[in-house]
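Below is work_37.cif, which holds mmCIF, C-alpha atoms.
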```cif
data_run
#
loop_
_atom_site.label_atom_id
_atom_site.label_comp_id
_atom_site.auth_asym_id
_atom_site.auth_seq_id
_atom_site.Cartn_x
_atom_site.Cartn_y
_atom_site.Cartn_z
CA MET B 1 -6.71 -6.03 27.13
CA PRO B 2 -5.71 -2.76 25.48
CA SER B 3 -7.53 -1.91 22.28
CA ASP B 4 -4.30 -1.10 20.46
CA MET B 5 -0.53 -1.13 20.88
CA SER B 6 1.23 2.04 22.00
CA GLU B 7 3.82 3.66 19.75
CA GLU B 8 6.38 3.37 22.54
CA SER B 9 5.84 -0.41 22.80
CA MET B 10 6.04 -0.81 19.05
CA SER B 11 9.28 1.19 18.93
CA LEU B 12 10.86 -0.98 21.63
CA LEU B 13 9.81 -4.18 19.89
CA GLU B 14 11.07 -2.91 16.53
CA ARG B 15 14.44 -2.05 18.03
CA PHE B 16 14.64 -5.51 19.62
CA VAL B 17 13.91 -7.19 16.27
CA VAL B 18 16.50 -5.01 14.50
CA LEU B 19 19.14 -6.08 17.03
CA MET B 20 18.23 -9.74 16.57
CA TYR B 21 19.14 -9.46 12.87
CA ASP B 22 22.11 -7.09 13.21
CA ARG B 23 23.47 -6.55 16.71
CA THR B 24 25.69 -3.65 15.61
CA SER B 25 22.91 -1.70 13.89
CA ASP B 26 21.95 1.75 15.13
CA THR B 27 18.71 1.62 13.11
CA MET B 28 15.52 1.95 15.15
CA GLU B 29 12.89 0.75 12.64
CA VAL B 30 12.61 -2.64 10.95
CA ASN B 31 11.83 -1.18 7.53
CA ASP B 32 15.07 0.84 7.62
CA ALA B 33 16.99 -2.22 8.82
CA ARG B 34 15.51 -4.30 5.98
CA LYS B 35 16.70 -1.77 3.43
CA GLN B 36 20.15 -1.52 4.99
CA LEU B 37 20.63 -5.29 5.32
CA PHE B 38 19.36 -6.08 1.82
CA ALA B 39 20.89 -3.20 -0.12
CA HIS B 40 24.15 -2.54 1.66
CA LYS B 41 24.99 -5.78 3.45
CA SER B 42 23.72 -8.09 0.66
CA ARG B 43 21.62 -10.25 2.99
CA ALA B 44 19.20 -12.71 1.40
CA LEU B 45 15.48 -12.00 1.88
CA GLU B 46 15.15 -14.85 4.39
CA ASN B 47 17.88 -13.24 6.52
CA ILE B 48 16.25 -9.86 6.99
CA PRO B 49 13.43 -8.96 9.40
CA SER B 50 9.77 -8.86 8.45
CA THR B 51 8.23 -5.58 7.42
CA GLN B 52 6.79 -3.28 10.07
CA ALA B 53 3.27 -4.17 8.86
CA ALA B 54 3.96 -7.92 9.25
CA LEU B 55 5.58 -7.37 12.65
CA GLN B 56 2.53 -5.44 13.86
CA GLN B 57 0.22 -8.31 12.85
CA HIS B 58 2.48 -10.86 14.56
CA ILE B 59 2.54 -8.80 17.76
CA LYS B 60 -1.25 -8.54 17.68
CA ARG B 61 -1.61 -12.33 17.32
CA ALA B 62 0.86 -12.93 20.17
CA SER B 63 -1.01 -10.42 22.37
CA LEU B 64 -4.32 -12.15 21.66
CA GLN B 65 -2.81 -15.51 22.57
CA GLY B 66 -1.41 -14.10 25.79
CA ASN B 67 -4.81 -12.64 26.65
CA CYS B 68 -6.48 -16.01 26.05
CA TRP B 69 -3.95 -17.80 28.25
CA ASN B 70 -4.37 -15.14 30.93
CA GLN B 71 -8.08 -16.01 31.13
CA THR B 72 -7.79 -19.82 31.18
CA LEU B 73 -9.12 -20.06 34.75
CA VAL B 74 -11.91 -17.49 34.26
CA LEU B 75 -15.36 -19.07 34.16
CA ASN B 76 -16.73 -16.82 31.38
CA PRO B 77 -13.73 -15.17 29.73
CA GLU B 78 -14.20 -11.98 27.75
CA LEU B 79 -12.20 -12.66 24.63
CA PRO B 80 -11.57 -9.99 22.00
CA ILE B 81 -12.65 -10.42 18.40
CA PRO B 82 -9.79 -12.18 16.55
CA SER B 83 -10.25 -10.00 13.46
CA ASP B 84 -9.06 -7.03 15.53
CA TRP B 85 -5.93 -8.92 16.55
CA GLY B 86 -4.19 -10.18 13.39
CA TRP B 87 -6.65 -12.83 12.20
CA THR B 88 -9.04 -12.97 9.27
CA LYS B 89 -12.19 -15.11 8.93
CA GLU B 90 -12.07 -17.50 5.96
CA ALA B 91 -14.46 -20.26 4.91
CA SER B 92 -12.11 -22.80 6.51
CA GLY B 93 -11.89 -20.86 9.80
CA TRP B 94 -9.64 -18.19 11.27
CA GLN B 95 -6.40 -17.60 9.34
CA PRO B 96 -3.45 -15.35 10.25
CA LEU B 97 -3.39 -11.93 8.59
CA TRP B 98 0.28 -11.93 7.65
CA THR B 99 0.52 -8.30 6.53
CA THR B 100 -1.57 -5.37 5.41
CA LEU B 101 0.85 -4.63 2.55
CA PRO B 102 0.19 -5.65 -1.07
CA GLU B 103 1.90 -8.74 -2.50
CA ALA B 104 5.60 -8.36 -3.22
CA SER B 105 5.16 -9.85 -6.70
CA LYS B 106 3.18 -6.76 -7.67
CA SER B 107 6.15 -4.55 -6.88
CA CYS B 108 9.09 -6.85 -7.74
CA GLN B 109 10.50 -4.39 -10.23
CA GLU B 110 11.35 -2.17 -7.27
CA LEU B 111 13.83 -4.86 -6.18
CA ILE B 112 16.01 -4.29 -9.24
CA HIS B 113 19.10 -2.41 -8.13
CA CYS B 114 22.40 -1.46 -9.67
CA GLY B 115 25.95 -1.45 -8.42
CA CYS B 116 26.92 1.86 -10.04
CA LYS B 117 29.08 3.92 -7.72
CA LYS B 118 29.55 7.10 -9.79
CA GLY B 119 26.61 7.90 -12.01
CA CYS B 120 24.75 5.31 -14.02
CA THR B 121 25.90 4.39 -17.52
CA GLY B 122 24.66 2.05 -20.24
CA ARG B 123 25.62 -0.99 -18.14
CA CYS B 124 23.29 0.05 -15.31
CA LYS B 125 20.62 -2.60 -14.51
CA CYS B 126 18.07 0.09 -13.71
CA THR B 127 18.66 1.91 -17.00
CA LYS B 128 18.35 -1.38 -18.90
CA ALA B 129 15.00 -2.07 -17.18
CA ALA B 130 13.84 1.51 -17.95
CA LEU B 131 13.58 2.27 -14.22
CA LYS B 132 14.90 5.08 -12.06
CA CYS B 133 17.52 4.18 -9.47
CA THR B 134 16.23 3.70 -5.93
CA ALA B 135 17.62 3.68 -2.41
CA LEU B 136 18.54 0.00 -2.94
CA CYS B 137 21.11 0.98 -5.56
CA ALA B 138 24.77 1.54 -4.68
CA CYS B 139 24.30 5.10 -5.98
CA SER B 140 21.30 5.45 -3.56
CA GLY B 141 19.26 6.87 -6.42
CA ASP B 142 21.39 10.04 -6.54
CA CYS B 143 22.46 9.65 -10.17
#
```

Represent the structure contained in this file as structure tokens.
Amino acid sequence: MPSDMSEESMSLLERFVVLMYDRTSDTMEVNDARKQLFAHKSRALENIPSTQAALQQHIKRASLQGNCWNQTLVLNPELPIPSDWGWTKEASGWQPLWTTLPEASKSCQELIHCGCKKGCTGRCKCTKAALKCTALCACSGDC
């Protein structure tokens, strides 16, 4: 079993996932597709792909499972350490490591976005929240 996933494999898998969520997209990376689908196509969070960090952990878990199945007929299989392949050891046993990113609730303010098309005014949601516009805004943060 390889010790890590190649960048080429990850790029192919990312592109595949992007196409599953938006078959007309020319985006190559899931994080870019997430931003595009959420900010510009108004997709709900449950209708956009996972983050790249979450996808990497999922791929690791799937690879570990495939490796285990591949060795089902081996008398003494050499199984990798689950903590290297998307799992974390808890008191109750092995649990999936969903992502290496911090909780979304700690950065929810970044999800505030405005619909201003030409410069932000007093009605701008970002201005009201005392935040700078971001790439999620209709103005793309260029105001």

Residues matched by the PyMOL selection byres ((chain B and resi 60) around 10) as a ChimeraX atom specification:
/B:4-5,54-59,61-66,82,84-87,97

What separation in Å, quoted to one decimal, exists between atom CA of B:Ser42 and atom CA of B:Cys137?
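Between atom CA of B:Ser42 and atom CA of B:Cys137 the gap is 11.3 Å.
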
What is the distance between atom CA of B:Gln36 and atom CA of B:Leu13, in Å to one decimal?
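Atom-to-atom, atom CA of B:Gln36 to atom CA of B:Leu13, that is 18.3 Å.
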
Computed interatomic separation between atom CA of B:Thr51 and atom CA of B:Ile81 (Å):
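Between atom CA of B:Thr51 and atom CA of B:Ile81 the gap works out to 24.1 Å.
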
Using the chain letters and numbering of this document, enumerate as a PyMOL selection string the residues selected by the PyMOL selection byres ((chain B and resi 127-132) around 9).
chain B and resi 109-110+112+114+120-126+133-134+141

As a compact mmCIF listing (two decimals) with C-alpha atoms, keeping the file's coordinate frame, please: the residues near B:Glu8 (cut-off 12 Å, all atoms listed in the file, same-chain neighbours under 6 positions excluded).
```txt
# COMPACT_ATOMS: atom_id res chain seq x y z
CA GLU B 14 11.07 -2.91 16.53
CA ARG B 15 14.44 -2.05 18.03
CA MET B 28 15.52 1.95 15.15
```

Picked residues, the PyMOL selection byres ((chain B and resi 101) around 10), expected as a count of residues only:
10

Counting all atoms listed in the file, the option among B:Val74, B:Ser140, B:Ala135, B:Gly93 closest to B:Arg34
B:Ala135

Expected residue set, 6 Å radius at (26.0, 3.6, -7.7), all atoms listed in the file, as a PyMOL selection string:
chain B and resi 115-118+137-139
